[in-house]
$ cat protein_10.cif   # mmCIF, C-alpha atoms
data_start
#
loop_
_atom_site.label_atom_id
_atom_site.label_comp_id
_atom_site.auth_asym_id
_atom_site.auth_seq_id
_atom_site.Cartn_x
_atom_site.Cartn_y
_atom_site.Cartn_z
CA MET A 30 10.33 -84.81 -21.89
CA ILE A 31 8.00 -82.55 -19.99
CA ARG A 32 4.36 -83.60 -20.39
CA ARG A 33 2.73 -80.64 -18.74
CA THR A 34 -0.41 -79.57 -20.56
CA VAL A 35 0.04 -76.45 -22.64
CA ARG A 36 -2.47 -73.89 -21.38
CA ASP A 37 -1.39 -70.48 -22.61
CA VAL A 38 -4.93 -69.46 -23.48
CA PRO A 39 -4.18 -65.78 -24.26
CA LEU A 40 -1.48 -66.65 -26.78
CA VAL A 41 -3.61 -69.23 -28.58
CA THR A 42 -6.68 -66.98 -28.53
CA ILE A 43 -4.87 -64.01 -30.08
CA ALA A 44 -3.27 -66.19 -32.78
CA LEU A 45 -6.65 -67.78 -33.59
CA LEU A 46 -8.36 -64.38 -33.85
CA LEU A 47 -5.64 -63.11 -36.18
CA SER A 48 -5.88 -66.21 -38.37
CA LEU A 49 -9.68 -66.15 -38.59
CA TYR A 50 -9.62 -62.42 -39.31
CA GLY A 51 -7.05 -63.06 -42.03
CA ILE A 52 -9.04 -65.89 -43.63
CA ALA A 53 -12.11 -63.64 -43.74
CA ILE A 54 -10.09 -60.97 -45.56
CA VAL A 55 -8.56 -63.52 -47.95
CA PHE A 56 -12.11 -64.65 -48.79
CA SER A 57 -13.13 -61.05 -49.41
CA ALA A 58 -10.06 -60.44 -51.58
CA GLY A 59 -11.29 -63.13 -53.94
CA GLN A 60 -14.79 -61.66 -54.37
CA THR A 61 -14.27 -59.50 -57.45
CA ASP A 62 -16.34 -58.42 -60.44
CA VAL A 63 -13.70 -59.72 -62.82
CA PRO A 64 -12.06 -63.16 -62.74
CA THR A 65 -8.86 -63.30 -60.65
CA LEU A 66 -6.55 -65.98 -59.32
CA ALA A 67 -7.66 -65.10 -55.78
CA HIS A 68 -11.23 -66.34 -56.19
CA HIS A 69 -10.80 -69.74 -54.52
CA VAL A 70 -7.59 -69.29 -52.52
CA TRP A 71 -9.49 -68.92 -49.25
CA ARG A 72 -10.18 -72.65 -49.34
CA ASN A 73 -6.48 -73.43 -49.54
CA GLN A 74 -5.87 -70.96 -46.74
CA ILE A 75 -8.27 -72.83 -44.49
CA VAL A 76 -6.51 -76.11 -45.29
CA TRP A 77 -3.12 -74.61 -44.43
CA PHE A 78 -4.58 -73.10 -41.29
CA ALA A 79 -5.80 -76.54 -40.20
CA LEU A 80 -2.43 -78.09 -40.99
CA GLY A 81 -0.77 -75.29 -39.07
CA LEU A 82 -2.87 -76.06 -36.00
CA ILE A 83 -1.83 -79.70 -36.21
CA GLY A 84 1.81 -78.73 -36.64
CA ALA A 85 1.61 -76.32 -33.70
CA TYR A 86 0.16 -79.03 -31.46
CA ILE A 87 2.89 -81.50 -32.42
CA VAL A 88 5.67 -78.98 -31.85
CA SER A 89 4.15 -77.88 -28.53
CA ARG A 90 4.49 -81.46 -27.25
CA ALA A 91 8.28 -81.46 -27.78
CA SER A 92 10.43 -80.22 -24.93
CA VAL A 93 12.52 -77.08 -25.24
CA ARG A 94 15.60 -79.25 -24.78
CA LEU A 95 14.59 -81.28 -27.85
CA LEU A 96 14.10 -78.08 -29.84
CA GLU A 97 17.57 -76.93 -28.82
CA TRP A 98 19.07 -80.26 -29.89
CA ALA A 99 17.23 -80.13 -33.23
CA ALA A 100 18.39 -76.58 -34.00
CA TRP A 101 21.63 -77.64 -35.71
CA PRO A 102 20.28 -80.37 -38.08
CA ALA A 103 17.20 -78.24 -38.88
CA TYR A 104 19.45 -75.29 -39.71
CA LEU A 105 21.60 -77.37 -42.06
CA PHE A 106 18.49 -78.78 -43.72
CA THR A 107 17.14 -75.33 -44.52
CA ILE A 108 20.54 -74.24 -45.89
CA VAL A 109 20.36 -77.16 -48.32
CA LEU A 110 16.81 -76.19 -49.30
CA LEU A 111 17.87 -72.59 -49.91
CA VAL A 112 20.73 -73.75 -52.16
CA VAL A 113 18.36 -76.00 -54.12
CA THR A 114 15.83 -73.16 -54.42
CA LEU A 115 18.53 -70.86 -55.75
CA VAL A 116 19.16 -73.39 -58.53
CA ILE A 117 15.64 -74.49 -59.52
CA GLY A 118 13.40 -72.01 -57.72
CA GLN A 119 10.79 -69.76 -59.32
CA GLY A 120 9.13 -66.47 -58.44
CA PHE A 121 5.50 -65.40 -58.21
CA GLY A 122 3.47 -62.28 -57.51
CA THR A 123 5.45 -59.14 -56.71
CA GLY A 124 8.61 -61.25 -56.71
CA ALA A 125 8.05 -62.87 -60.09
CA SER A 126 11.65 -62.28 -61.16
CA SER A 127 13.13 -63.92 -58.05
CA LYS A 128 13.84 -67.56 -57.21
CA SER A 129 12.11 -67.90 -53.86
CA TRP A 130 9.66 -70.77 -54.42
CA LEU A 131 10.71 -74.41 -54.52
CA VAL A 132 8.90 -75.88 -57.53
CA ILE A 133 9.07 -79.53 -58.54
CA GLY A 134 7.07 -80.88 -61.49
CA GLY A 135 5.14 -77.64 -61.78
CA VAL A 136 3.92 -77.92 -58.17
CA ARG A 137 4.82 -75.14 -55.74
CA LEU A 138 6.05 -76.83 -52.57
CA GLY A 139 6.60 -73.63 -50.62
CA GLN A 140 9.22 -71.04 -49.72
CA PRO A 141 12.17 -72.51 -47.79
CA ALA A 142 12.93 -69.01 -46.51
CA GLU A 143 9.86 -69.24 -44.25
CA LEU A 144 11.25 -72.36 -42.59
CA ALA A 145 14.68 -70.74 -42.45
CA LYS A 146 13.30 -67.95 -40.26
CA LEU A 147 12.42 -70.54 -37.62
CA THR A 148 15.62 -72.54 -37.85
CA VAL A 149 17.83 -69.43 -37.80
CA VAL A 150 16.09 -68.26 -34.63
CA LEU A 151 16.64 -71.66 -33.01
CA MET A 152 20.27 -71.89 -34.12
CA LEU A 153 21.13 -68.31 -33.18
CA ALA A 154 19.50 -68.81 -29.78
CA ARG A 155 21.58 -71.94 -29.25
CA VAL A 156 24.82 -70.12 -30.11
CA LEU A 157 24.07 -67.08 -27.95
CA ALA A 158 22.78 -69.14 -25.02
CA SER A 159 25.96 -71.21 -24.96
CA ARG A 160 27.95 -68.14 -23.87
CA ARG A 161 28.33 -67.35 -20.18
CA GLU A 162 28.10 -63.62 -20.84
CA ALA A 163 26.92 -61.41 -23.69
CA PRO A 164 29.43 -60.58 -26.47
CA GLN A 165 31.25 -57.33 -25.77
CA SER A 166 33.26 -56.96 -28.97
CA LEU A 167 32.95 -57.48 -32.72
CA LEU A 168 35.32 -60.44 -32.61
CA GLN A 169 33.03 -62.27 -30.20
CA LEU A 170 30.13 -61.88 -32.64
CA TRP A 171 31.67 -63.75 -35.58
CA LEU A 172 29.79 -67.01 -34.96
CA PRO A 173 26.32 -65.44 -34.39
CA ALA A 174 26.91 -63.28 -37.48
CA LEU A 175 27.87 -66.36 -39.51
CA VAL A 176 24.71 -68.19 -38.47
CA VAL A 177 22.58 -65.40 -39.93
CA ALA A 178 24.87 -64.43 -42.82
CA VAL A 179 24.82 -67.80 -44.61
CA PRO A 180 21.03 -68.03 -45.14
CA TRP A 181 20.83 -64.24 -45.58
CA LEU A 182 23.28 -64.31 -48.49
CA LEU A 183 21.43 -67.21 -50.13
CA ILE A 184 18.12 -65.36 -49.80
CA MET A 185 19.54 -62.08 -51.08
CA ALA A 186 20.90 -64.00 -54.09
CA GLN A 187 17.35 -65.03 -55.07
CA PRO A 188 16.93 -61.95 -54.70
CA ASP A 189 14.42 -61.41 -51.87
CA LEU A 190 15.06 -58.10 -50.13
CA GLY A 191 11.96 -58.30 -47.90
CA THR A 192 12.92 -61.62 -46.33
CA GLY A 193 16.51 -60.39 -46.03
CA LEU A 194 15.26 -57.51 -43.88
CA VAL A 195 13.53 -60.00 -41.59
CA PHE A 196 16.79 -61.84 -40.94
CA ILE A 197 18.54 -58.58 -40.11
CA GLY A 198 15.76 -57.73 -37.65
CA ILE A 199 16.05 -61.17 -36.04
CA PHE A 200 19.82 -60.78 -35.67
CA PHE A 201 19.75 -57.41 -33.94
CA ALA A 202 16.74 -58.21 -31.76
CA MET A 203 18.29 -61.41 -30.43
CA LEU A 204 21.62 -59.69 -29.78
CA PHE A 205 19.72 -57.05 -27.81
CA TRP A 206 17.90 -59.71 -25.76
CA ALA A 207 21.19 -61.53 -25.17
CA GLY A 208 22.55 -58.40 -23.49
CA VAL A 209 24.85 -56.98 -26.17
CA PRO A 210 25.54 -53.30 -25.30
CA TRP A 211 23.59 -50.80 -27.39
CA PRO A 212 26.71 -48.91 -28.56
CA LEU A 213 28.04 -52.13 -30.02
CA LEU A 214 24.73 -52.75 -31.79
CA ILE A 215 24.95 -49.29 -33.37
CA LEU A 216 28.52 -49.93 -34.44
CA ILE A 217 27.49 -53.21 -36.06
CA ALA A 218 24.67 -51.50 -37.94
CA SER A 219 26.79 -48.51 -38.95
CA PRO A 220 27.85 -49.77 -42.42
CA GLY A 221 24.20 -50.27 -43.32
CA VAL A 222 23.35 -46.78 -42.11
CA SER A 223 26.22 -45.39 -44.19
CA LEU A 224 24.88 -47.21 -47.23
CA ILE A 225 21.42 -45.70 -46.77
CA LEU A 226 22.72 -42.17 -46.14
CA SER A 227 25.26 -42.24 -48.95
CA PHE A 228 22.74 -40.59 -51.30
CA SER A 229 23.52 -37.29 -49.53
CA THR A 230 27.04 -36.06 -48.80
CA PHE A 231 25.69 -33.83 -46.04
CA TRP A 232 23.82 -36.57 -44.18
CA TRP A 233 26.57 -39.13 -44.68
CA GLY A 234 29.18 -36.69 -43.40
CA GLY A 235 27.14 -35.92 -40.29
CA TRP A 236 26.62 -39.62 -39.61
CA PHE A 237 30.35 -40.32 -40.08
CA LEU A 238 31.26 -37.71 -37.47
CA LEU A 239 28.77 -39.24 -35.01
CA LEU A 240 30.27 -42.65 -35.71
CA LEU A 241 33.78 -41.42 -34.96
CA ALA A 242 32.54 -39.94 -31.67
CA LEU A 243 30.86 -43.24 -30.75
CA VAL A 244 34.01 -45.22 -31.55
CA LEU A 245 36.11 -42.91 -29.37
CA TRP A 246 33.58 -43.18 -26.53
CA TYR A 247 32.99 -46.95 -26.66
CA ARG A 248 36.69 -47.67 -27.26
CA PRO A 249 36.62 -50.97 -29.12
CA PHE A 250 39.85 -52.78 -29.91
CA LEU A 251 42.03 -50.73 -32.26
CA ALA A 252 41.66 -53.24 -35.11
CA GLU A 253 37.88 -53.28 -34.66
CA GLY A 254 37.66 -49.49 -34.65
CA ILE A 255 39.72 -49.22 -37.82
CA THR A 256 37.62 -51.95 -39.45
CA LEU A 257 34.39 -50.09 -38.65
CA VAL A 258 35.68 -46.81 -40.06
CA VAL A 259 36.94 -48.50 -43.23
CA ALA A 260 33.67 -50.42 -43.62
CA ASN A 261 31.62 -47.22 -43.40
CA VAL A 262 33.81 -45.42 -45.92
CA THR A 263 33.69 -48.44 -48.23
CA THR A 264 29.91 -48.73 -48.17
CA GLY A 265 29.59 -45.04 -48.92
CA VAL A 266 31.91 -45.40 -51.93
CA LEU A 267 30.32 -48.65 -53.15
CA ALA A 268 26.74 -47.38 -52.96
CA PRO A 269 26.58 -46.41 -56.68
CA ILE A 270 28.04 -49.78 -57.66
CA LEU A 271 25.52 -51.65 -55.50
CA TRP A 272 22.74 -49.57 -57.04
CA ASP A 273 23.83 -50.57 -60.55
CA SER A 274 23.98 -54.24 -59.51
CA MET A 275 20.36 -54.28 -58.32
CA ALA A 276 17.66 -55.78 -60.52
CA PRO A 277 15.67 -53.17 -62.48
CA TYR A 278 12.45 -53.93 -60.60
CA GLN A 279 14.24 -53.40 -57.27
CA GLN A 280 15.55 -50.03 -58.42
CA LYS A 281 12.07 -49.04 -59.51
CA ARG A 282 10.63 -50.00 -56.13
CA LEU A 283 13.06 -47.74 -54.30
CA LEU A 284 12.48 -44.85 -56.70
CA VAL A 285 8.73 -45.32 -56.46
CA PHE A 286 8.99 -45.21 -52.68
CA LEU A 287 10.32 -41.67 -53.01
CA ASN A 288 7.77 -40.68 -55.65
CA PRO A 289 5.12 -43.17 -56.86
CA ASN A 290 4.03 -40.82 -59.63
CA ILE A 291 7.27 -41.22 -61.58
CA ASP A 292 5.94 -44.54 -62.91
CA PRO A 293 2.18 -44.61 -62.17
CA ARG A 294 1.35 -47.32 -64.73
CA ASP A 295 4.01 -49.81 -63.71
CA ALA A 296 6.21 -49.74 -60.60
CA GLY A 297 4.16 -47.04 -58.88
CA TYR A 298 0.83 -48.63 -59.69
CA HIS A 299 0.77 -50.91 -56.64
CA VAL A 300 1.27 -48.26 -54.00
CA ILE A 301 -0.98 -45.70 -55.72
CA GLN A 302 -3.90 -48.15 -55.82
CA SER A 303 -3.15 -49.21 -52.25
CA ARG A 304 -3.32 -45.64 -50.96
CA VAL A 305 -6.53 -45.00 -52.90
CA ALA A 306 -8.09 -48.14 -51.39
CA ILE A 307 -7.08 -47.33 -47.81
CA GLY A 308 -7.98 -43.66 -48.16
CA SER A 309 -11.47 -44.46 -49.45
CA GLY A 310 -12.21 -46.59 -46.36
CA GLY A 311 -12.57 -43.68 -43.96
CA TRP A 312 -13.57 -44.54 -40.41
CA PHE A 313 -15.86 -47.52 -41.01
CA GLY A 314 -14.94 -48.68 -44.52
CA ASN A 315 -17.07 -49.39 -47.57
CA GLY A 316 -18.41 -52.61 -46.09
CA TYR A 317 -17.18 -56.19 -45.99
CA LEU A 318 -16.91 -57.60 -49.55
CA GLU A 319 -17.76 -54.16 -51.00
CA GLY A 320 -14.36 -52.55 -51.62
CA THR A 321 -14.41 -50.86 -55.01
CA GLN A 322 -10.68 -51.05 -55.74
CA LYS A 323 -10.74 -54.69 -54.73
CA ARG A 324 -13.89 -55.68 -56.61
CA LEU A 325 -12.62 -54.12 -59.85
CA ALA A 326 -9.23 -55.84 -59.29
CA PHE A 327 -7.44 -52.50 -59.47
CA LEU A 328 -5.46 -53.48 -56.36
CA PRO A 329 -2.62 -55.86 -57.33
CA GLU A 330 -1.75 -58.82 -55.11
CA GLN A 331 -4.75 -57.99 -52.94
CA HIS A 332 -4.77 -61.45 -51.34
CA THR A 333 -1.05 -61.51 -50.51
CA ASP A 334 1.30 -58.54 -50.16
CA PHE A 335 -1.40 -55.84 -50.27
CA ILE A 336 -4.08 -57.55 -48.22
CA PHE A 337 -3.83 -54.82 -45.57
CA ALA A 338 -5.23 -52.39 -48.15
CA VAL A 339 -8.35 -54.58 -48.39
CA VAL A 340 -8.78 -54.28 -44.62
CA GLY A 341 -8.52 -50.50 -44.84
CA GLU A 342 -10.87 -50.16 -47.80
CA GLU A 343 -13.64 -52.42 -46.55
CA LEU A 344 -13.43 -52.06 -42.76
CA GLY A 345 -11.86 -48.61 -42.50
CA PHE A 346 -9.90 -47.18 -39.61
CA ILE A 347 -11.82 -49.36 -37.14
CA GLY A 348 -10.93 -52.59 -38.93
CA VAL A 349 -7.31 -51.54 -39.30
CA SER A 350 -7.14 -50.63 -35.60
CA VAL A 351 -8.56 -54.01 -34.58
CA ALA A 352 -5.90 -55.81 -36.64
CA LEU A 353 -3.06 -53.71 -35.27
CA VAL A 354 -4.30 -54.05 -31.67
CA LEU A 355 -4.36 -57.83 -32.08
CA PHE A 356 -0.77 -57.76 -33.31
CA LEU A 357 0.20 -55.53 -30.38
CA LEU A 358 -1.39 -57.95 -27.92
CA LEU A 359 0.43 -60.84 -29.58
CA PHE A 360 3.76 -59.05 -29.30
CA LEU A 361 3.19 -58.12 -25.66
CA ARG A 362 2.24 -61.69 -24.90
CA ILE A 363 5.42 -63.02 -26.50
CA VAL A 364 7.52 -60.56 -24.51
CA ARG A 365 5.85 -61.92 -21.37
CA VAL A 366 6.68 -65.47 -22.46
CA ALA A 367 10.31 -64.48 -23.07
CA GLN A 368 10.56 -62.76 -19.68
CA ARG A 369 9.19 -65.79 -17.83
CA SER A 370 11.35 -68.37 -19.60
CA ASN A 371 13.50 -70.52 -17.36
CA GLU A 372 16.66 -70.41 -19.46
CA PRO A 373 18.44 -68.11 -21.94
CA PHE A 374 17.72 -70.33 -24.95
CA SER A 375 13.95 -70.16 -24.45
CA GLY A 376 13.89 -66.40 -23.98
CA LEU A 377 16.06 -65.83 -27.04
CA VAL A 378 13.84 -68.03 -29.22
CA ALA A 379 10.68 -66.24 -28.10
CA PHE A 380 12.16 -62.79 -28.70
CA GLY A 381 13.56 -63.85 -32.07
CA LEU A 382 10.14 -65.04 -33.24
CA LEU A 383 8.65 -61.76 -32.02
CA ALA A 384 11.24 -59.81 -34.04
CA SER A 385 10.43 -61.80 -37.18
CA TRP A 386 6.71 -60.95 -37.01
CA LEU A 387 7.38 -57.36 -35.97
CA VAL A 388 9.49 -56.71 -39.07
CA HIS A 389 6.81 -58.31 -41.24
CA VAL A 390 4.07 -56.09 -39.80
CA ILE A 391 6.10 -52.87 -39.96
CA VAL A 392 7.30 -53.40 -43.53
CA ASN A 393 4.02 -54.77 -44.92
CA VAL A 394 1.80 -52.08 -43.39
CA GLY A 395 4.40 -49.45 -44.23
CA MET A 396 4.59 -50.38 -47.91
CA THR A 397 0.80 -50.30 -48.34
CA LEU A 398 0.91 -46.71 -47.03
CA ASN A 399 4.05 -45.82 -49.02
CA LEU A 400 6.00 -45.43 -45.78
CA MET A 401 8.32 -48.30 -46.76
CA PRO A 402 9.64 -49.53 -50.13
CA ILE A 403 7.69 -52.37 -51.74
CA THR A 404 9.58 -55.55 -50.88
CA GLY A 405 7.00 -58.28 -51.41
CA ILE A 406 6.76 -59.18 -47.73
CA PRO A 407 3.49 -60.74 -46.44
CA LEU A 408 1.42 -59.82 -43.39
CA PRO A 409 1.49 -62.56 -40.71
CA PHE A 410 -1.73 -64.61 -40.38
CA PHE A 411 -3.40 -62.44 -43.06
CA SER A 412 -1.61 -62.79 -46.38
CA TYR A 413 -2.42 -65.86 -48.43
CA GLY A 414 0.40 -68.39 -48.43
CA GLY A 415 0.62 -71.95 -47.24
CA SER A 416 4.27 -72.04 -46.20
CA PHE A 417 3.95 -68.73 -44.33
CA MET A 418 0.79 -69.79 -42.48
CA MET A 419 2.37 -73.13 -41.61
CA ALA A 420 5.60 -71.51 -40.37
CA SER A 421 3.63 -68.97 -38.32
CA TRP A 422 1.71 -71.67 -36.50
CA LEU A 423 4.82 -73.77 -35.97
CA ALA A 424 6.23 -70.68 -34.27
CA ILE A 425 3.10 -70.50 -32.10
CA GLY A 426 3.68 -74.14 -31.15
CA ILE A 427 7.25 -73.34 -30.12
CA LEU A 428 6.05 -70.39 -28.03
CA LEU A 429 3.44 -72.59 -26.35
CA ARG A 430 6.15 -75.06 -25.37
CA ILE A 431 8.34 -72.28 -23.99
CA SER A 432 5.39 -70.84 -22.09
CA SER A 433 4.47 -74.20 -20.58
CA GLU A 434 8.01 -74.73 -19.29
CA GLY A 435 8.31 -71.18 -17.94
CA ARG A 436 7.68 -69.91 -14.44
CA GLY A 437 4.12 -69.87 -13.13
CA GLN A 438 0.91 -71.12 -14.71
CA PRO A 439 0.80 -70.05 -18.37
CA GLY A 440 -2.96 -70.25 -18.58
CA GLN A 441 -3.35 -67.73 -15.77
CA LEU A 442 -0.87 -65.08 -16.89
CA GLY A 443 -2.32 -61.72 -17.78
CA ILE A 444 -1.41 -59.85 -20.90
#

$ encode --input "protein_10.cif" --output "structure tokens"
Amino acid sequence: MIRRTVRDVPLVTIALLLSLYGIAIVFSAGQTDVPTLAHHVWRNQIVWFALGLIGAYIVSRASVRLLEWAAWPAYLFTIVLLVVTLVIGQGFGTGASSKSWLVIGGVRLGQPAELAKLTVVLMLARVLASRREAPQSLLQLWLPALVVAVPWLLIMAQPDLGTGLVFIGIFFAMLFWAGVPWPLLILIASPGVSLILSFSTFWWGGWFLLLLALVLWYRPFLAEGITLVVANVTTGVLAPILWDSMAPYQQKRLLVFLNPNIDPRDAGYHVIQSRVAIGSGGWFGNGYLEGTQKRLAFLPEQHTDFIFAVVGEELGFIGVSVALVLFLLLFLRIVRVAQRSNEPFSGLVAFGLLASWLVHVIVNVGMTLNLMPITGIPLPFFSYGGSFMMASWLAIGILLRISSEGRGQPGQLGI
């Protein structure tokens, strides 16, 4: 096992700044004029932050080779946890009707899906790295697809659409980093695009013609081409059936995304209050701890899913920009770590973790601005949640290990 001291100062510094910024906002979210459940959660967040630091240090001392060996048993363990959660799990917050939390004896132990994000990245990286060259056909992608599909199906059965989107982002990002041709990536994603565009015959028809042109140009195997065409037609036909099978609250979230005012007192309430809070912040905000929407508890889930609205209301455009710049620096740093990794497995793991956080940031920030449907997805290092904070810092520990075993001196690399 490599004992080289981990010295990726930029990576640790950015992660620490994000965490401390997040804890400050969680504290502010609990300072309201009416009693809320968020009043004391900042203390728990600090505890989980400390535990996360310990976990990150422990993981950073393990070699990348050990992480690769542990990918398979860790993956199986999380599959078992997801199955157990599907049986006895409970929901909270914006996902109250789901079964995403593992609860035993009335005590919330955490969300196994957060751990699954890490283990799926490790397992998918192991599968892709074992190949001498990148997959060039759909048939060659069956095993990577299976690795992601099993936990994805279990999570969607909870149901947890937000976390499901994260797994899709991880899958496509890691295929891209592994060298899968971009036309093949589009072909893989085509049934999902057909499902989204099926609400309009015009748009779906235009997309289908583009798909046929891409199939003729890329020239996959005949069976694969036929399968893709049939899959796209099928998803277009099944769209109404899938819509009817969705839970009522999920249907409302999608409808509210198109027009929040159709249900302003219920499903549209969250995003309306979020936009009011962010819009009132202006350039410099209303002042730390002084957000009106927050203090009157008009903003639902202000310490978890909608914590970004608290940033916008109290610290304004400047505070929002600082948060987003920190995330950008983190992502650029991880790309640098992936580029300087010594082996395919390390680079794939780093890029997979980046994809996970990127999807979280895009969807969470987007839903607070009504640019994305409300999916109950937290903001990394900001949203209150022990299992998410712990998983995020375990990921930092993995990245530190990869950085320390990469080319050059990690502590001296520029962003």

$ resolve_selection --input "protein_10.cif" --expression "the PyMOL selection byres ((chain A and resi 383) around 9)" --output "ChimeraX atom specification"
/A:199,202,359-360,363-364,378-382,384-388

$ write_last_selection --input "protein_10.cif" --atoms "C-alpha atoms" --output "mmCIF file, keeping the file's coordinate frame"
data_model
loop_
_atom_site.group_PDB
_atom_site.id
_atom_site.type_symbol
_atom_site.label_atom_id
_atom_site.label_comp_id
_atom_site.auth_asym_id
_atom_site.auth_seq_id
_atom_site.Cartn_x
_atom_site.Cartn_y
_atom_site.Cartn_z
ATOM 1 C CA ILE A 199 16.050 -61.170 -36.040
ATOM 2 C CA ALA A 202 16.740 -58.210 -31.760
ATOM 3 C CA LEU A 359 0.430 -60.840 -29.580
ATOM 4 C CA PHE A 360 3.760 -59.050 -29.300
ATOM 5 C CA ILE A 363 5.420 -63.020 -26.500
ATOM 6 C CA VAL A 364 7.520 -60.560 -24.510
ATOM 7 C CA VAL A 378 13.840 -68.030 -29.220
ATOM 8 C CA ALA A 379 10.680 -66.240 -28.100
ATOM 9 C CA PHE A 380 12.160 -62.790 -28.700
ATOM 10 C CA GLY A 381 13.560 -63.850 -32.070
ATOM 11 C CA LEU A 382 10.140 -65.040 -33.240
ATOM 12 C CA ALA A 384 11.240 -59.810 -34.040
ATOM 13 C CA SER A 385 10.430 -61.800 -37.180
ATOM 14 C CA TRP A 386 6.710 -60.950 -37.010
ATOM 15 C CA LEU A 387 7.380 -57.360 -35.970
ATOM 16 C CA VAL A 388 9.490 -56.710 -39.070
#

$ resolve_selection --input "protein_10.cif" --expression "the PyMOL selection byres ((chain A and resi 51-54) around 8)" --output "VMD selection string"
chain A and resid 47 to 50 55 to 58 71 74 to 75 332 336 339 to 340 410 to 412

$ resolve_selection --input "protein_10.cif" --expression "the PyMOL selection byres ((chain A and resi 435) around 6)" --output "list in words"
Arg369, Ser370, Asn371, Ser432, Ser433, Glu434 and Arg436 of chain A

$ write_last_selection --input "protein_10.cif" --atoms "C-alpha atoms" --output "PDB file, in the coordinates of the input"
ATOM      1  CA  ARG A 369       9.190 -65.790 -17.830  1.00  0.00           C
ATOM      2  CA  SER A 370      11.350 -68.370 -19.600  1.00  0.00           C
ATOM      3  CA  ASN A 371      13.500 -70.520 -17.360  1.00  0.00           C
ATOM      4  CA  SER A 432       5.390 -70.840 -22.090  1.00  0.00           C
ATOM      5  CA  SER A 433       4.470 -74.200 -20.580  1.00  0.00           C
ATOM      6  CA  GLU A 434       8.010 -74.730 -19.290  1.00  0.00           C
ATOM      7  CA  ARG A 436       7.680 -69.910 -14.440  1.00  0.00           C
TER       8      ARG A 436
END

$ atom_distance --input "protein_10.cif" --atom1 "CA of Thr321 in chain A" --atom2 "CA of Arg72 in chain A"
22.9 Å

$ residues_around --input "protein_10.cif" --residues "Leu241 in chain A" --least-positions-apart "6" --cutoff "12 Å" --atoms "all atoms listed in the file" --output "list in words"
Ile215, Leu216, Ser219, Gly234, Gly235, Tyr247, Arg248, Pro249, Gly254, Ile255, Leu257, Val258, Val259, Asn261 and Val262 of chain A

$ write_last_selection --input "protein_10.cif" --atoms "C-alpha atoms" --output "short mmCIF file (atom, residue, chain, number, x, y, z; two decimals), in the frame of the given file"
data_model
loop_
_atom_site.label_atom_id
_atom_site.label_comp_id
_atom_site.auth_asym_id
_atom_site.auth_seq_id
_atom_site.Cartn_x
_atom_site.Cartn_y
_atom_site.Cartn_z
CA ILE A 215 24.95 -49.29 -33.37
CA LEU A 216 28.52 -49.93 -34.44
CA SER A 219 26.79 -48.51 -38.95
CA GLY A 234 29.18 -36.69 -43.40
CA GLY A 235 27.14 -35.92 -40.29
CA TYR A 247 32.99 -46.95 -26.66
CA ARG A 248 36.69 -47.67 -27.26
CA PRO A 249 36.62 -50.97 -29.12
CA GLY A 254 37.66 -49.49 -34.65
CA ILE A 255 39.72 -49.22 -37.82
CA LEU A 257 34.39 -50.09 -38.65
CA VAL A 258 35.68 -46.81 -40.06
CA VAL A 259 36.94 -48.50 -43.23
CA ASN A 261 31.62 -47.22 -43.40
CA VAL A 262 33.81 -45.42 -45.92
#

$ closest_residue --input "protein_10.cif" --among "A:Val177, A:Val132, A:Ala67, A:Ala207" --to "Leu153 in chain A" --atoms "only C-alpha atoms"
A:Val177

$ atom_distance --input "protein_10.cif" --atom1 "CA of Leu172 in chain A" --atom2 "CA of Leu105 in chain A"
15.0 Å

$ atom_distance --input "protein_10.cif" --atom1 "CA of Leu157 in chain A" --atom2 "CA of Trp422 in chain A"
24.4 Å

$ residues_near_point --input "protein_10.cif" --point "(-16.1, -51.2, -46.2)" --cutoff "12 Å" --atoms "all atoms listed in the file" --output "CSV table (one decimal) with C-alpha atoms, in the coordinates of the input"
chain,number,residue,atom,x,y,z
A,54,ILE,CA,-10.1,-61.0,-45.6
A,57,SER,CA,-13.1,-61.0,-49.4
A,306,ALA,CA,-8.1,-48.1,-51.4
A,307,ILE,CA,-7.1,-47.3,-47.8
A,308,GLY,CA,-8.0,-43.7,-48.2
A,309,SER,CA,-11.5,-44.5,-49.4
A,310,GLY,CA,-12.2,-46.6,-46.4
A,311,GLY,CA,-12.6,-43.7,-44.0
A,312,TRP,CA,-13.6,-44.5,-40.4
A,313,PHE,CA,-15.9,-47.5,-41.0
A,314,GLY,CA,-14.9,-48.7,-44.5
A,315,ASN,CA,-17.1,-49.4,-47.6
A,316,GLY,CA,-18.4,-52.6,-46.1
A,317,TYR,CA,-17.2,-56.2,-46.0
A,318,LEU,CA,-16.9,-57.6,-49.6
A,319,GLU,CA,-17.8,-54.2,-51.0
A,320,GLY,CA,-14.4,-52.6,-51.6
A,321,THR,CA,-14.4,-50.9,-55.0
A,322,GLN,CA,-10.7,-51.0,-55.7
A,323,LYS,CA,-10.7,-54.7,-54.7
A,324,ARG,CA,-13.9,-55.7,-56.6
A,338,ALA,CA,-5.2,-52.4,-48.2
A,339,VAL,CA,-8.4,-54.6,-48.4
A,340,VAL,CA,-8.8,-54.3,-44.6
A,341,GLY,CA,-8.5,-50.5,-44.8
A,342,GLU,CA,-10.9,-50.2,-47.8
A,343,GLU,CA,-13.6,-52.4,-46.6
A,344,LEU,CA,-13.4,-52.1,-42.8
A,345,GLY,CA,-11.9,-48.6,-42.5
A,346,PHE,CA,-9.9,-47.2,-39.6
A,347,ILE,CA,-11.8,-49.4,-37.1
A,348,GLY,CA,-10.9,-52.6,-38.9
A,349,VAL,CA,-7.3,-51.5,-39.3
